[in-house]
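Take a look at the structure set out below.
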Amino acid sequence: MWAMPYAYLGPEGTFSEAALRAADPAAEPLSCPTIQAALGCVRDGTAQRAVVPIESSVEGVVTATLDDLAHGNDLVIVAELQIPIAFALLARPGTAVGDIKRVGGHPQAMPQCRGWLAAHLPDCEWVPLASNAEAARQAADGQVDAALAGAFAADRYGLAVLVPDVHDRANAVTRFVVVSPPRPLPARTGADRTSLAAFLTEDHPGALLEILTEFAVRGINLTTIQSRPTGDRLGQYYFFIDCEGHVDDARVGEALMGLRRVCQEVRFLGSYARCDGASTAVRPGTSDPEFAEAAAWLGRLRFGRP
């Protein structure tokens, strides 16, 4: 039977392709020009899954991914992985650093190499492109003089690694997520993450506190919280939230029910195993058995049996 492909931000030679290979080496890759196009392929059935970046250790969340998941037709995250990010300066063979006047790359590449560029190419024009691999392709075609990309892209586009390791931080990583159409969730492992988008009913004093309280009183640690404009009007926001735990955990399930009561909309984006394998810390009083015991106690009270 023909297997449906996995969509990713292309062309060949991107970190997204490297993430796809790490997620499923046997997957048939489907290159897409943008993150939105990759997720769109999952929605229209062209691809089985998509592998997209969601968070950089240097630049923070990837807003294109967050906004598409929050506003587009429902998709769920089923897995995550981290990819080390190391940039090289790629150019056509024979190019010298002094010859470079225009450098291309993905918009998130430049901030990760800002210090090196300022020190070695202070007068160079920065050309933002759809991906680092697209920058490599344009460098090969002569549309830009050099590209910031992974060194592995050099062979694919006939380029030379002019300068390796031009990134400012040696231990940078990007978290990628594997996204699928709605489906039964991965089973909880005890080292899980849950992602969601919470839309405020209205902006008012304490609105964010109301959201945070639903997690805090149940001992749930938030690993990411990011406000994003809804796009409807100024001053209207939603919050993208990653929290420790699985929706099947009683404390997480109750927190989501609490959010559902205080928010205009809560979009559940998935519960899945954390790629770092770190066990979720469970505060005393918030374990599943303790929730079950408390529910049983309440049931006895309601039937007149304390």
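If you're wondering about the labels, chains in the structure tokens are A, B, ... by order shown, residues count from 1 in each chain, ligands from 1 in order shown.
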Residues within 9 Å of range 219-228 of chain A, only C-alpha atoms, excluding chain neighbours under 3 positions, as number ranges by chain
A: 61, 63, 66-67, 193, 195, 212, 214-216, 231, 236-245, 251-252, 255, 280-286
Quick one: everything within 9 Å of range 118-122 of chain A, counting only C-alpha atoms, minus sequence neighbours fewer than 2 positions away in the same chain. Send it as an MDAnalysis selection string.
chainID A and resid 97:98 100:101 113:116 124:125
Selection export as a PDB file, in the first residue's frame, atoms kept: N, CA, C and O atoms:
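Listing of again.pdb after writing:
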```pdb
ATOM      1  N   VAL A  97      35.526  35.728   1.645  1.00  0.00           N
ATOM      2  CA  VAL A  97      34.649  36.462   2.549  1.00  0.00           C
ATOM      3  C   VAL A  97      34.516  37.917   2.113  1.00  0.00           C
ATOM      4  O   VAL A  97      33.438  38.512   2.188  1.00  0.00           O
ATOM      5  N   GLY A  98      35.598  38.486   1.631  1.00  0.00           N
ATOM      6  CA  GLY A  98      35.576  39.874   1.200  1.00  0.00           C
ATOM      7  C   GLY A  98      34.719  40.126  -0.026  1.00  0.00           C
ATOM      8  O   GLY A  98      34.369  41.282  -0.317  1.00  0.00           O
ATOM      9  N   ILE A 100      31.681  38.985  -0.396  1.00  0.00           N
ATOM     10  CA  ILE A 100      30.273  38.808  -0.056  1.00  0.00           C
ATOM     11  C   ILE A 100      29.623  40.152   0.261  1.00  0.00           C
ATOM     12  O   ILE A 100      30.064  40.874   1.156  1.00  0.00           O
ATOM     13  N   LYS A 101      28.570  40.472  -0.485  1.00  0.00           N
ATOM     14  CA  LYS A 101      27.815  41.699  -0.269  1.00  0.00           C
ATOM     15  C   LYS A 101      26.376  41.426   0.176  1.00  0.00           C
ATOM     16  O   LYS A 101      25.753  42.279   0.813  1.00  0.00           O
ATOM     17  N   CYS A 113      23.061  34.375  14.327  1.00  0.00           N
ATOM     18  CA  CYS A 113      24.423  34.624  13.824  1.00  0.00           C
ATOM     19  C   CYS A 113      24.750  36.110  13.844  1.00  0.00           C
ATOM     20  O   CYS A 113      25.710  36.561  13.196  1.00  0.00           O
ATOM     21  N   ARG A 114      23.985  36.895  14.577  1.00  0.00           N
ATOM     22  CA  ARG A 114      24.102  38.357  14.544  1.00  0.00           C
ATOM     23  C   ARG A 114      25.503  38.830  14.922  1.00  0.00           C
ATOM     24  O   ARG A 114      26.078  39.709  14.288  1.00  0.00           O
ATOM     25  N   GLY A 115      26.052  38.255  15.966  1.00  0.00           N
ATOM     26  CA  GLY A 115      27.375  38.682  16.425  1.00  0.00           C
ATOM     27  C   GLY A 115      28.452  38.414  15.391  1.00  0.00           C
ATOM     28  O   GLY A 115      29.308  39.281  15.140  1.00  0.00           O
ATOM     29  N   TRP A 116      28.406  37.231  14.790  1.00  0.00           N
ATOM     30  CA  TRP A 116      29.424  36.900  13.782  1.00  0.00           C
ATOM     31  C   TRP A 116      29.286  37.809  12.562  1.00  0.00           C
ATOM     32  O   TRP A 116      30.288  38.302  12.036  1.00  0.00           O
ATOM     33  N   CYS A 124      27.325  43.998   5.062  1.00  0.00           N
ATOM     34  CA  CYS A 124      26.632  43.066   4.173  1.00  0.00           C
ATOM     35  C   CYS A 124      25.108  43.247   4.263  1.00  0.00           C
ATOM     36  O   CYS A 124      24.567  43.503   5.332  1.00  0.00           O
ATOM     37  N   GLU A 125      24.414  43.125   3.140  1.00  0.00           N
ATOM     38  CA  GLU A 125      22.960  43.196   3.118  1.00  0.00           C
ATOM     39  C   GLU A 125      22.374  41.852   3.509  1.00  0.00           C
ATOM     40  O   GLU A 125      22.788  40.805   2.987  1.00  0.00           O
TER      41      GLU A 125
END
```
Under the rule that only C-alpha atoms are counted, which of A:Pro128, A:Pro306, A:Pro107, A:Pro33 is the nearest residue to Tyr8 in chain A?
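Of A:Pro128, A:Pro306, A:Pro107, A:Pro33, the one nearest Tyr8 in chain A is A:Pro33, counting only C-alpha atoms.
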How close does range 90-129 of chain A get to range 156-161 of chain A? List, as JSON lines, each residue of range 90-129 of chain A within 10 Å, its nearest atom pair and the distance in Å to one decimal, counting only C-alpha atoms.
```
{"residue": "A:Leu90", "atom": "CA", "partner": "A:Val161", "partner_atom": "CA", "distance": 4.8}
{"residue": "A:Ala91", "atom": "CA", "partner": "A:Leu159", "partner_atom": "CA", "distance": 5.4}
{"residue": "A:Arg92", "atom": "CA", "partner": "A:Leu159", "partner_atom": "CA", "distance": 4.8}
{"residue": "A:Pro93", "atom": "CA", "partner": "A:Ala160", "partner_atom": "CA", "distance": 5.3}
{"residue": "A:Gly94", "atom": "CA", "partner": "A:Ala160", "partner_atom": "CA", "distance": 8.3}
{"residue": "A:Thr95", "atom": "CA", "partner": "A:Ala160", "partner_atom": "CA", "distance": 8.6}
```
Could you give me, as number ranges by chain, the residues within 12 Å of Thr34 in chain A, counting only C-alpha atoms and dropping anything in the same chain fewer than 6 positions from it?
A: 7-11, 14, 16, 40-41, 50-53, 64-65, 68, 106, 129-132, 134
Of the listed residues A:Ile77, A:Leu298, A:Ala292, A:Val42, that which approaches Val179 in chain A most closely, counting only C-alpha atoms
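Between A:Ile77, A:Leu298, A:Ala292, A:Val42, the residue approaching Val179 in chain A most closely is A:Ile77.
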Strand (DSSP E or B) positions in range 256-288 of chain A, given as a list of chain:residue names:
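So, restricting range 256-288 of chain A to strand (DSSP E or B), we get A:Cys263, A:Gln264, A:Glu265, A:Val266, A:Arg267, A:Phe268, A:Leu269, A:Gly270, A:Ser271, A:Tyr272, A:Ala273.
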Selection near Cys263 in chain A, 10 Å with only C-alpha atoms, sequence-local residues under 2 positions removed, as a PyMOL selection string:
chain A and resi 198-202+207+210-211+238+258-261+265-266
My list of candidates is A:Ala149, A:Leu269, A:Leu196, A:Ala22. Which is closest to Ala133 in chain A when distances are computed with only C-alpha atoms?
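That would be A:Ala149, the residue with the smallest distance to Ala133 in chain A.
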For Ala136 in chain A, which residue among A:Asp44, A:Asp192, A:Glu59, A:Asp155 is the nearest when counting only C-alpha atoms?
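Closest to Ala136 in chain A, using only C-alpha atoms: A:Asp155.
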CA of Tyr6 in chain A to CA of Asp165 in chain A: how many Å, to one decimal?
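Between CA of Tyr6 in chain A and CA of Asp165 in chain A the gap works out to 29.3 Å.
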Any chance you could tabulate, as CSV, the residues of range 226-306 of chain A at most 9 Å from range 184-189 of chain A with each one's nearest atom pair and distance in Å to one decimal, using only C-alpha atoms, in chain and rising number order?
```
residue,atom,partner,partner_atom,distance
A:Gly245,CA,A:Arg188,CA,8.2
A:His246,CA,A:Arg188,CA,5.9
A:Val247,CA,A:Arg188,CA,8.4
A:Asp248,CA,A:Arg188,CA,7.1
A:Asp249,CA,A:Arg188,CA,8.2
A:Gly270,CA,A:Leu185,CA,7.3
A:Ser271,CA,A:Leu185,CA,6.8
A:Tyr272,CA,A:Pro186,CA,5.9
A:Ala273,CA,A:Thr189,CA,6.4
A:Arg274,CA,A:Thr189,CA,8.9
A:Ser279,CA,A:Thr189,CA,8.7
```
Pick from A:Thr213, A:Ser287, A:Thr230, A:Ser180 nearest to Leu256 in chain A, counting only C-alpha atoms
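Smallest separation from Leu256 in chain A among the options: A:Thr213.
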Option closest in space to Val178 in chain A, from A:Glu80, A:Asp232, A:Glu254, A:Asp74 [counting only C-alpha atoms]:
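Of all the options, A:Glu80 lies closest to Val178 in chain A.
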Can you list every residue in range 156-254 of chain A that DSSP puts in helix (DSSP H, G or I), as an MDAnalysis selection string?
chainID A and resid 156:157 207:216 250:254
Separation of CA of Val58 in chain A and CA of Arg137 in chain A, in Å?
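Result for CA of Val58 in chain A versus CA of Arg137 in chain A: 25.0 Å, one decimal.
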Spatial neighbours of Val144 in chain A, 7 Å, only C-alpha atoms, chain gap at least 2 places, as a short mmCIF file (atom, residue, chain, number, x, y, z; two decimals) with N, CA and C atoms, in the first residue's frame:
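Written file, around-v5.cif:
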```cif
data_model
loop_
_atom_site.label_atom_id
_atom_site.label_comp_id
_atom_site.auth_asym_id
_atom_site.auth_seq_id
_atom_site.Cartn_x
_atom_site.Cartn_y
_atom_site.Cartn_z
N ARG A 102 25.86 40.23 -0.16
CA ARG A 102 24.47 39.88 0.19
C ARG A 102 24.45 38.46 0.75
N VAL A 103 23.86 38.32 1.94
CA VAL A 103 23.74 37.02 2.59
C VAL A 103 22.27 36.71 2.80
N GLY A 104 21.86 35.50 2.43
CA GLY A 104 20.47 35.10 2.59
C GLY A 104 20.30 34.02 3.64
N GLN A 138 19.68 29.85 -3.76
CA GLN A 138 19.90 31.14 -4.40
C GLN A 138 21.38 31.50 -4.44
N ALA A 139 22.13 31.06 -3.44
CA ALA A 139 23.59 31.28 -3.48
C ALA A 139 24.20 30.52 -4.65
N GLY A 142 23.54 32.40 -7.77
CA GLY A 142 24.11 33.73 -7.85
C GLY A 142 23.17 34.85 -7.48
N ALA A 146 26.07 34.56 -0.53
CA ALA A 146 26.32 33.50 0.45
C ALA A 146 25.03 33.21 1.18
#
```
